[in-house]
Every structure is written in structure tokens, then in C-alpha cells.
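Have a look at the structure below before the remarks.
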Amino acid sequence: MSLASPLREVASQDADKEVPTDPYQRLRQLLLGPEQAAIAGLQQRLDKPHVRAEELSRIIAEAMVLRSRRDHALQKALDPLLEEALRVSVARNPQLLADTLFPIIGRAVRSAVANSLRAIVESLNETVERSVSWDAFKWRLESLRTGKPFGEIVLARSLRYRVEQVFAIHRETGLLLAHVAREEGARENEMISAMLTAVQDFVHDSFVETEGAELDTVELGEFNVWIQHGPKALLCAVVTGTPPRELRNALQRTLEELHSNFASVLSGYDGDTESASGMRPLLETCLVGRQPRGGKRTASQAWLWVALPVAGLLLALVVNLMVQRHRWNQAIESLRAEPGIVLTSEETVWRGYRLSGLRDAMAADPAEIMRRAGVDPVKVNAHWEPYVSLDPRFELPRHVAEEKARIERQVILFRMNSSQLDPQQLLGLDDVEGSLRSLQGYAAASGSKLRVEIAGHTDPTGPEAKNATLSQKRAEEVIKALTDRGITADAFTPVAKASQTPFVWKSGSYVPELSRRVTFRVLMDNEQR
Amino acid sequence: MIQKKVCMIGSFGVGKTSLVARFVRSIFSEKYHTTVGVKIDKKVVEIGEKQVTLVLWDIAGEDALTTVRPSQLRGASGYILVVDGLRRATYETALDLQGRVGEAIGPVPFLCLLNKSDLRERWEITEADVEALRQRGWPVLYSSAKTGEGVEDVFQELTTEILRVPNVRDDTANEANRRGI
């Protein structure tokens, strides 16, 4: 290539530029022209920020990625910027952030609340159950001995589930490959595994449209059957309690191991359990967990069912005894407070009480006092010695009783077939009058009613009809005599007894003279007027 | 212990369930028929020295509403086709079923059981029909759920046949396995 062409090129490039006249300058331009142009271009790039920005924008993302892979300097540098940017953004337009968070905030709050509630409930349960139990004591000891935190031991020891049985089932035939259980029993495992397969097929055929979706959990009360599916075999674990998710992973791992270790057995299983017996140790590794507390609780609940009624019975007995004791004390109190009753001794004996003391005939009935206090008088063996109380409260009643007795002792006699008062009998009538006046005063003072029954009698001779009239007349005669003397009883009641109650001596001999008579009966009602 | 899956197939009401009721161990109730569509029973058969546990899939009867599902047949080593001698329709169904089952699980041993042999005089199925089945190469047996006649023989014969015929489902891995042993 000749020199002329580049020169021409330069000349044409710089056609619009001023061509230097100085030969040196001209030579320089000729020799260094392109470099000068390049330098000028570079200078321009450096001088004009928008050009640099333009260039930087093409590589900044890659640069950031590269840098962030190397170290965290970029993150650290950006951190305050981002914070500030966020702050400015929120300050300027809070709604933006609210709108952005809206779709997730509800879910976030819900799950946070649910989680913390669950944690609270769980920890409450734990606290209540563990704080005072024998287990807690054992675990504290273990914690002290091993130096592990108490919480860790509680977690490790209180897994509340247990794998009870594991079935390995041949997928195609539903035949049992191997079975392990914590408690070996004569179970019909072949039938169970076939039925499990049938149930799965049923669920699959009936409800599941999508290919590959399988029944993986069957819940039966406290039993869970967890089914893990592999291409050639199923693993079914019968679990009590609440198994953790990790159990699923453990089952899956076992199933995978089963497939890799027993590939030949699985692909041509002909029902010969001998060929699959090697699976048992592998299945046994799945028998994890410990007795769920539920089981224990049932035992203690059973104990409770026995203990509760017994405790209830005992409690009832004790309460009953206390109530009886209280009633008895009440009764004793009442007896001591009662006028005319002096208690000298009281004791509790087998199935009852013994009492002894003095009792005025005027005093209240002790049996009635017992009954009022709630004590069955039948249970009380009481011995009361009679005495006369000087209690002023008895003075008046005693007087009344005496007057009453005096009146009732009186008999007014009549001659045969006569209702005329014999003058000799007036003395007796005087006596009755006196006593009646006394009772009248008492009745007025105490607000009771005085009633006197006056009964006329005859001897048995003569017709009874006539005797009735005669006895009535005799009674009326006496009433008349008393009212004549100014006695006003609330009620004088004449009673015609005829010859029904003749006077008879104790020896049995009948005395006609003494039968023709009038007798008295005093009734004091304590009725308030 | 050797286990084999055996299906019991036939029209509704041919007496599959009552046929085996007295001869098998059962822990599941009749209810499974109407719910899951199959009831599992177990029958232990002794063939010479060998003890074979037949896991019997008593499949709910085929009728207008229910059809035998392939998933229930899958993996069976043999099957029993039950026909009610009193009803010719069940004979037709059995012919149809045998074809479908063969398609589903291949040529595994099976037996055709003509049930209710205690009522032979009232049968709708004739000697000619039975001969036709035999012509097809079907092993035909008579049975009576009422008298128990022939039932034990059914299990014996089928099991013998199952043990004699190599497992048709065995793939090459199994073959290798067996040679290895």
C-alpha cells in the first residue's frame, strides 16, 4: 500500500477542517492524525457525563452481579441508600407501599397469628402438664446430668406419636411383602394389605382424575395410616398420635432404600414372603416414636373412673357426718337454752346419742326440740329425771295448770231424776267459780281463749232418751248458775253424756249416786285474738 | 409362606360370596362390597408340602351398573369365574368377562364354576352349554354353596394350576433373580 492513499484519506477526512500551513504541524497531522482524533474522542467521552452514563448503563448490571459474587461490599454500600430511598418513598406516597403489600399482608398476618396462637396453646399445655409431673422431674434430672437444656430434653422425650405397624405392599398384586409391628399378633396382614390396596384403587378410580395422585393418608380415630408410594411397592405405616411431617420423609427414604436394595424381588414378586423377608430390618427402622400420652392418659382415666366415685362417696360421708355433728350441737344448744330442762350429760355413741338430765313436766318436749334441730329422736336415748323448776317462766303456766286441774277435779252431784242444783253442791260450784275467774284473768293477759266443756251425766236407770235430756238439763243448769255469778267464759259448751260414763269405783262397783253429776273440762287455746 | 392373589368374578347374585363364606377366613364385612366394591378373604391351601395363602378378591357382582375394574384384577395369579346354573344370562356374562379379564391381566389360570348344583333339575344351562365351555378349553367345575360340594376342590385345583404355570408377569429381572437363586 502506498503512502499517498492514507494521506488522501486524512486529507479527505479533514477536508472540512482547517489545513495547517505550518509544515511541522502538517507533518504532525499526517503522522499522528488518527491518534489525535482518537484522543480527542476519548477526551470528549471523559468530558461529557451523559456519554459516560450511556456507556455505563450497558454494563452496570453485569458489573453488579460480578461484584456481588466476589464480596458484599456492594450490598453494604447500597444498603443505606435503599433504606433512605424506601423512607423517602414511604414518606412521599404511603399508599404505594400499602398497595404493594396488600396481596400478601393478610396471609402473613393470618399465619403469624395462627402460629403464635398455636405456640401459646402448645406451651400452655406443656406447662400445665409438665410442670408438676413425674416426667418433668425425671427430665430435670436428666438435664442436670447431661448438661443439655431442659427444653431440648422435653422436646426429645415428648414426641407424641408412635409407629405401631409397617406394611410393605407389592404395588401390582397388593400382596404383602413384609410386615413389622411393635406387638406381634395373629393379624390377618395379608388381607389387610390387600384391602389397603383395594381401598386405594377405589379412591383412585372414584375421585382422583389426575394421574399420579395417590391416597396417602387414612385417618381412623387416633390411628393414622400413612401411605408412601413407590413404583413397585407401597409403604403403609400405622401411626398413633400426631406424627410430625418428618415421618413422611423417613418413610420415603425407607421406601427408596427398599426399591434399591430389593429391586429384583420387587420386579418379579410371586408372593413368596421368604424372598422379601430381608426387608424386615429395614421396616423396623420405621417403628419410631414413643407411646403417645393419649394411651397413658386412658390408663389414668380408667383409674379415675374408679377413684372418682369412691372419693365422691367419702366426701359425701364426711359432709354428712359434719352436718349431723352440726345438727346435734344445735340440738344440745337448744336443749340447754330451754327452761325446765337441765342437761347433765351428753355423749355420742355408735349410731346415735345418749342424753340424761332433769326435766320439769312443764318444759317443752325434748324430742320436739331434737326434731326441730334436724336430729332424729329415734337415734337419741334420753333419760329425764323429773324435777320442779323454779324458773319464773313456769310460774304462770304452772298456776294455770293447777287451776285447770282443780276445776276438772270438781263434780257437781244431783238427786235422782232432778236437774235442780242442790244447795250442798254450791260449795263445789264456788270452787269452780274461783278457779275460772283466775283462768279468765290469765286468758285475758296471755291472749288465749278459755273454753269450758260442761258435761251432764245420769245413772243408767230409766230410758236413755230421757237420760239424755236430763243430762243436758243438768249441764245447762250449771252453766246458768255460773253465768248468774258473772262468769263469762268465751264458750261454755254443754255436753249431754246421758248414762254413757257412769261413775265406777276401781273395784268395779257402780255407784248410782255419784253418777248423777256434772263434770268439767277446761280447754285453753293459745290462739291470738 | 407363599401368597397369591385370586379374583372371584361373576354376575351379581351368582353366589360368589356365600360360596366361599364357609371355607375362608374373613375379617371384613359384606359392607365392603357396596362401598369399596371388593371384599378380601383369605384361604390357606396345602399343596403337597407347600402352604399357599390365597388372598381372595371377591369382586362385587357385574351387572348393568357395576363393571369389573381393571385395578381390581391387576396382579392376580388366577381367577374364578362363577356362573349361576339357574340363570343363563350369567353364563353369557362369564363368556364376556373371561375375554375382558384375559385382556387385562393376560393368560393366567382360571376356573369356571357352575354354582347351585343342588338345584340341577331347574337349571337353564344345558349340558351342551357346559360342553361348549369345555371345547373352549375352560376347566369347568360344579359347586353348591348350599351343600358345600366342590368348593374345596376349586381352591385345590386352581392353586395347583397357579403353582404349575410360571408367573407370567415375571419380567427379565425376575428371571435373572430366579436363576441366581
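So you can find residues: chains in the C-alpha cells are A, B, ... in the order shown, residues in each start at 1, and ligands are numbered from 1 in order.
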Let's see if you can do this: from backbone DSSP, list all helix (DSSP H, G or I) residues in range 296-455 of chain A, as number ranges by chain. A: 296-337, 366-373, 377-379, 392-409, 423-446
Resulting file, chosen residues, C-alpha atoms, as a tab-separated table (two decimals), in the first residue's frame:
```tsv
chain	number	residue	atom	x	y	z
A	296	LYS	CA	-51.22	-43.29	79.27
A	297	ARG	CA	-53.99	-40.91	79.87
A	298	THR	CA	-56.52	-43.60	79.11
A	299	ALA	CA	-54.99	-45.72	81.80
A	300	SER	CA	-55.08	-42.94	84.31
A	301	GLN	CA	-58.58	-42.11	83.19
A	302	ALA	CA	-59.63	-45.67	83.85
A	303	TRP	CA	-58.17	-45.31	87.31
A	304	LEU	CA	-60.06	-42.07	87.69
A	305	TRP	CA	-63.34	-43.76	86.92
A	306	VAL	CA	-62.80	-45.98	89.90
A	307	ALA	CA	-61.37	-43.32	92.14
A	308	LEU	CA	-63.93	-40.63	91.47
A	309	PRO	CA	-66.99	-42.44	92.82
A	310	VAL	CA	-65.03	-43.63	95.83
A	311	ALA	CA	-63.80	-40.13	96.51
A	312	GLY	CA	-67.32	-38.82	95.98
A	313	LEU	CA	-68.70	-41.35	98.42
A	314	LEU	CA	-66.08	-40.50	101.01
A	315	LEU	CA	-66.74	-36.82	100.56
A	316	ALA	CA	-70.48	-37.36	100.93
A	317	LEU	CA	-69.87	-39.37	104.10
A	318	VAL	CA	-67.65	-36.71	105.59
A	319	VAL	CA	-70.08	-33.95	104.70
A	320	ASN	CA	-72.93	-35.96	106.11
A	321	LEU	CA	-71.02	-36.55	109.34
A	322	MET	CA	-70.25	-32.86	109.61
A	323	VAL	CA	-73.87	-31.90	109.01
A	324	GLN	CA	-75.04	-34.41	111.61
A	325	ARG	CA	-72.49	-33.16	114.11
A	326	HIS	CA	-73.62	-29.61	113.48
A	327	ARG	CA	-77.28	-30.53	113.94
A	328	TRP	CA	-76.52	-32.37	117.14
A	329	ASN	CA	-74.64	-29.38	118.52
A	330	GLN	CA	-77.59	-27.20	117.58
A	331	ALA	CA	-79.96	-29.54	119.38
A	332	ILE	CA	-77.79	-29.55	122.51
A	333	GLU	CA	-77.65	-25.76	122.41
A	334	SER	CA	-81.41	-25.57	122.15
A	335	LEU	CA	-81.88	-28.06	124.99
A	336	ARG	CA	-79.54	-26.09	127.25
A	337	ALA	CA	-81.39	-22.88	126.47
A	366	PRO	CA	-87.08	-32.62	124.25
A	367	ALA	CA	-87.91	-34.91	121.32
A	368	GLU	CA	-89.62	-31.98	119.58
A	369	ILE	CA	-86.57	-29.79	120.15
A	370	MET	CA	-84.35	-32.51	118.63
A	371	ARG	CA	-86.61	-32.84	115.63
A	372	ARG	CA	-86.58	-29.08	115.07
A	373	ALA	CA	-82.77	-29.13	115.10
A	377	PRO	CA	-85.25	-38.51	118.11
A	378	VAL	CA	-85.17	-42.25	117.45
A	379	LYS	CA	-81.37	-42.08	117.50
A	392	PRO	CA	-90.14	-17.75	136.69
A	393	ARG	CA	-91.27	-18.56	133.20
A	394	PHE	CA	-93.03	-21.64	134.56
A	395	GLU	CA	-94.80	-19.83	137.41
A	396	LEU	CA	-97.82	-18.75	135.45
A	397	PRO	CA	-98.24	-21.88	133.34
A	398	ARG	CA	-97.92	-23.95	136.48
A	399	HIS	CA	-100.64	-21.85	138.14
A	400	VAL	CA	-102.88	-22.25	135.12
A	401	ALA	CA	-102.31	-25.99	135.13
A	402	GLU	CA	-103.15	-26.19	138.82
A	403	GLU	CA	-106.35	-24.18	138.41
A	404	LYS	CA	-107.31	-26.29	135.47
A	405	ALA	CA	-106.72	-29.44	137.42
A	406	ARG	CA	-108.73	-28.10	140.34
A	407	ILE	CA	-111.73	-27.35	138.10
A	408	GLU	CA	-111.57	-30.73	136.43
A	409	ARG	CA	-111.47	-32.48	139.79
A	423	PRO	CA	-127.61	-26.26	147.86
A	424	GLN	CA	-125.00	-28.65	149.22
A	425	GLN	CA	-123.33	-28.60	145.85
A	426	LEU	CA	-122.95	-24.85	145.76
A	427	LEU	CA	-119.64	-25.09	147.64
A	428	GLY	CA	-118.20	-27.04	144.77
A	429	LEU	CA	-119.58	-24.52	142.37
A	430	ASP	CA	-117.89	-21.75	144.39
A	431	ASP	CA	-114.58	-23.54	143.91
A	432	VAL	CA	-115.13	-23.80	140.17
A	433	GLU	CA	-116.12	-20.15	140.04
A	434	GLY	CA	-112.93	-19.07	141.80
A	435	SER	CA	-110.67	-21.08	139.57
A	436	LEU	CA	-112.48	-19.97	136.45
A	437	ARG	CA	-112.03	-16.33	137.43
A	438	SER	CA	-108.35	-16.92	137.90
A	439	LEU	CA	-108.06	-18.60	134.47
A	440	GLN	CA	-110.13	-15.84	132.93
A	441	GLY	CA	-107.58	-13.31	134.11
A	442	TYR	CA	-104.76	-15.41	132.72
A	443	ALA	CA	-106.53	-15.87	129.41
A	444	ALA	CA	-107.11	-12.14	129.08
A	445	ALA	CA	-103.44	-11.41	129.89
A	446	SER	CA	-101.95	-14.01	127.56
```
Residues of chain A within 8 Å of chain B, using only C-alpha atoms, as a ChimeraX atom specification? /A:172-176,188,190-191,194-195,198-199,201-202,264-265,267-274
How far is it from CA of Leu235 in chain A to CA of Leu283 in chain A, in Å with one decimal? 8.8 Å
Would you mind telling me which residue in A:Ala168, A:Val349, A:Val452, A:Leu74 lies nearest to Pro494 in chain A when using only C-alpha atoms? A:Val452
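Nearest to His33 in chain B of all the residues B:Cys112, B:Val68, B:Leu119, B:Ala60 is B:Ala60, based on only C-alpha atoms.
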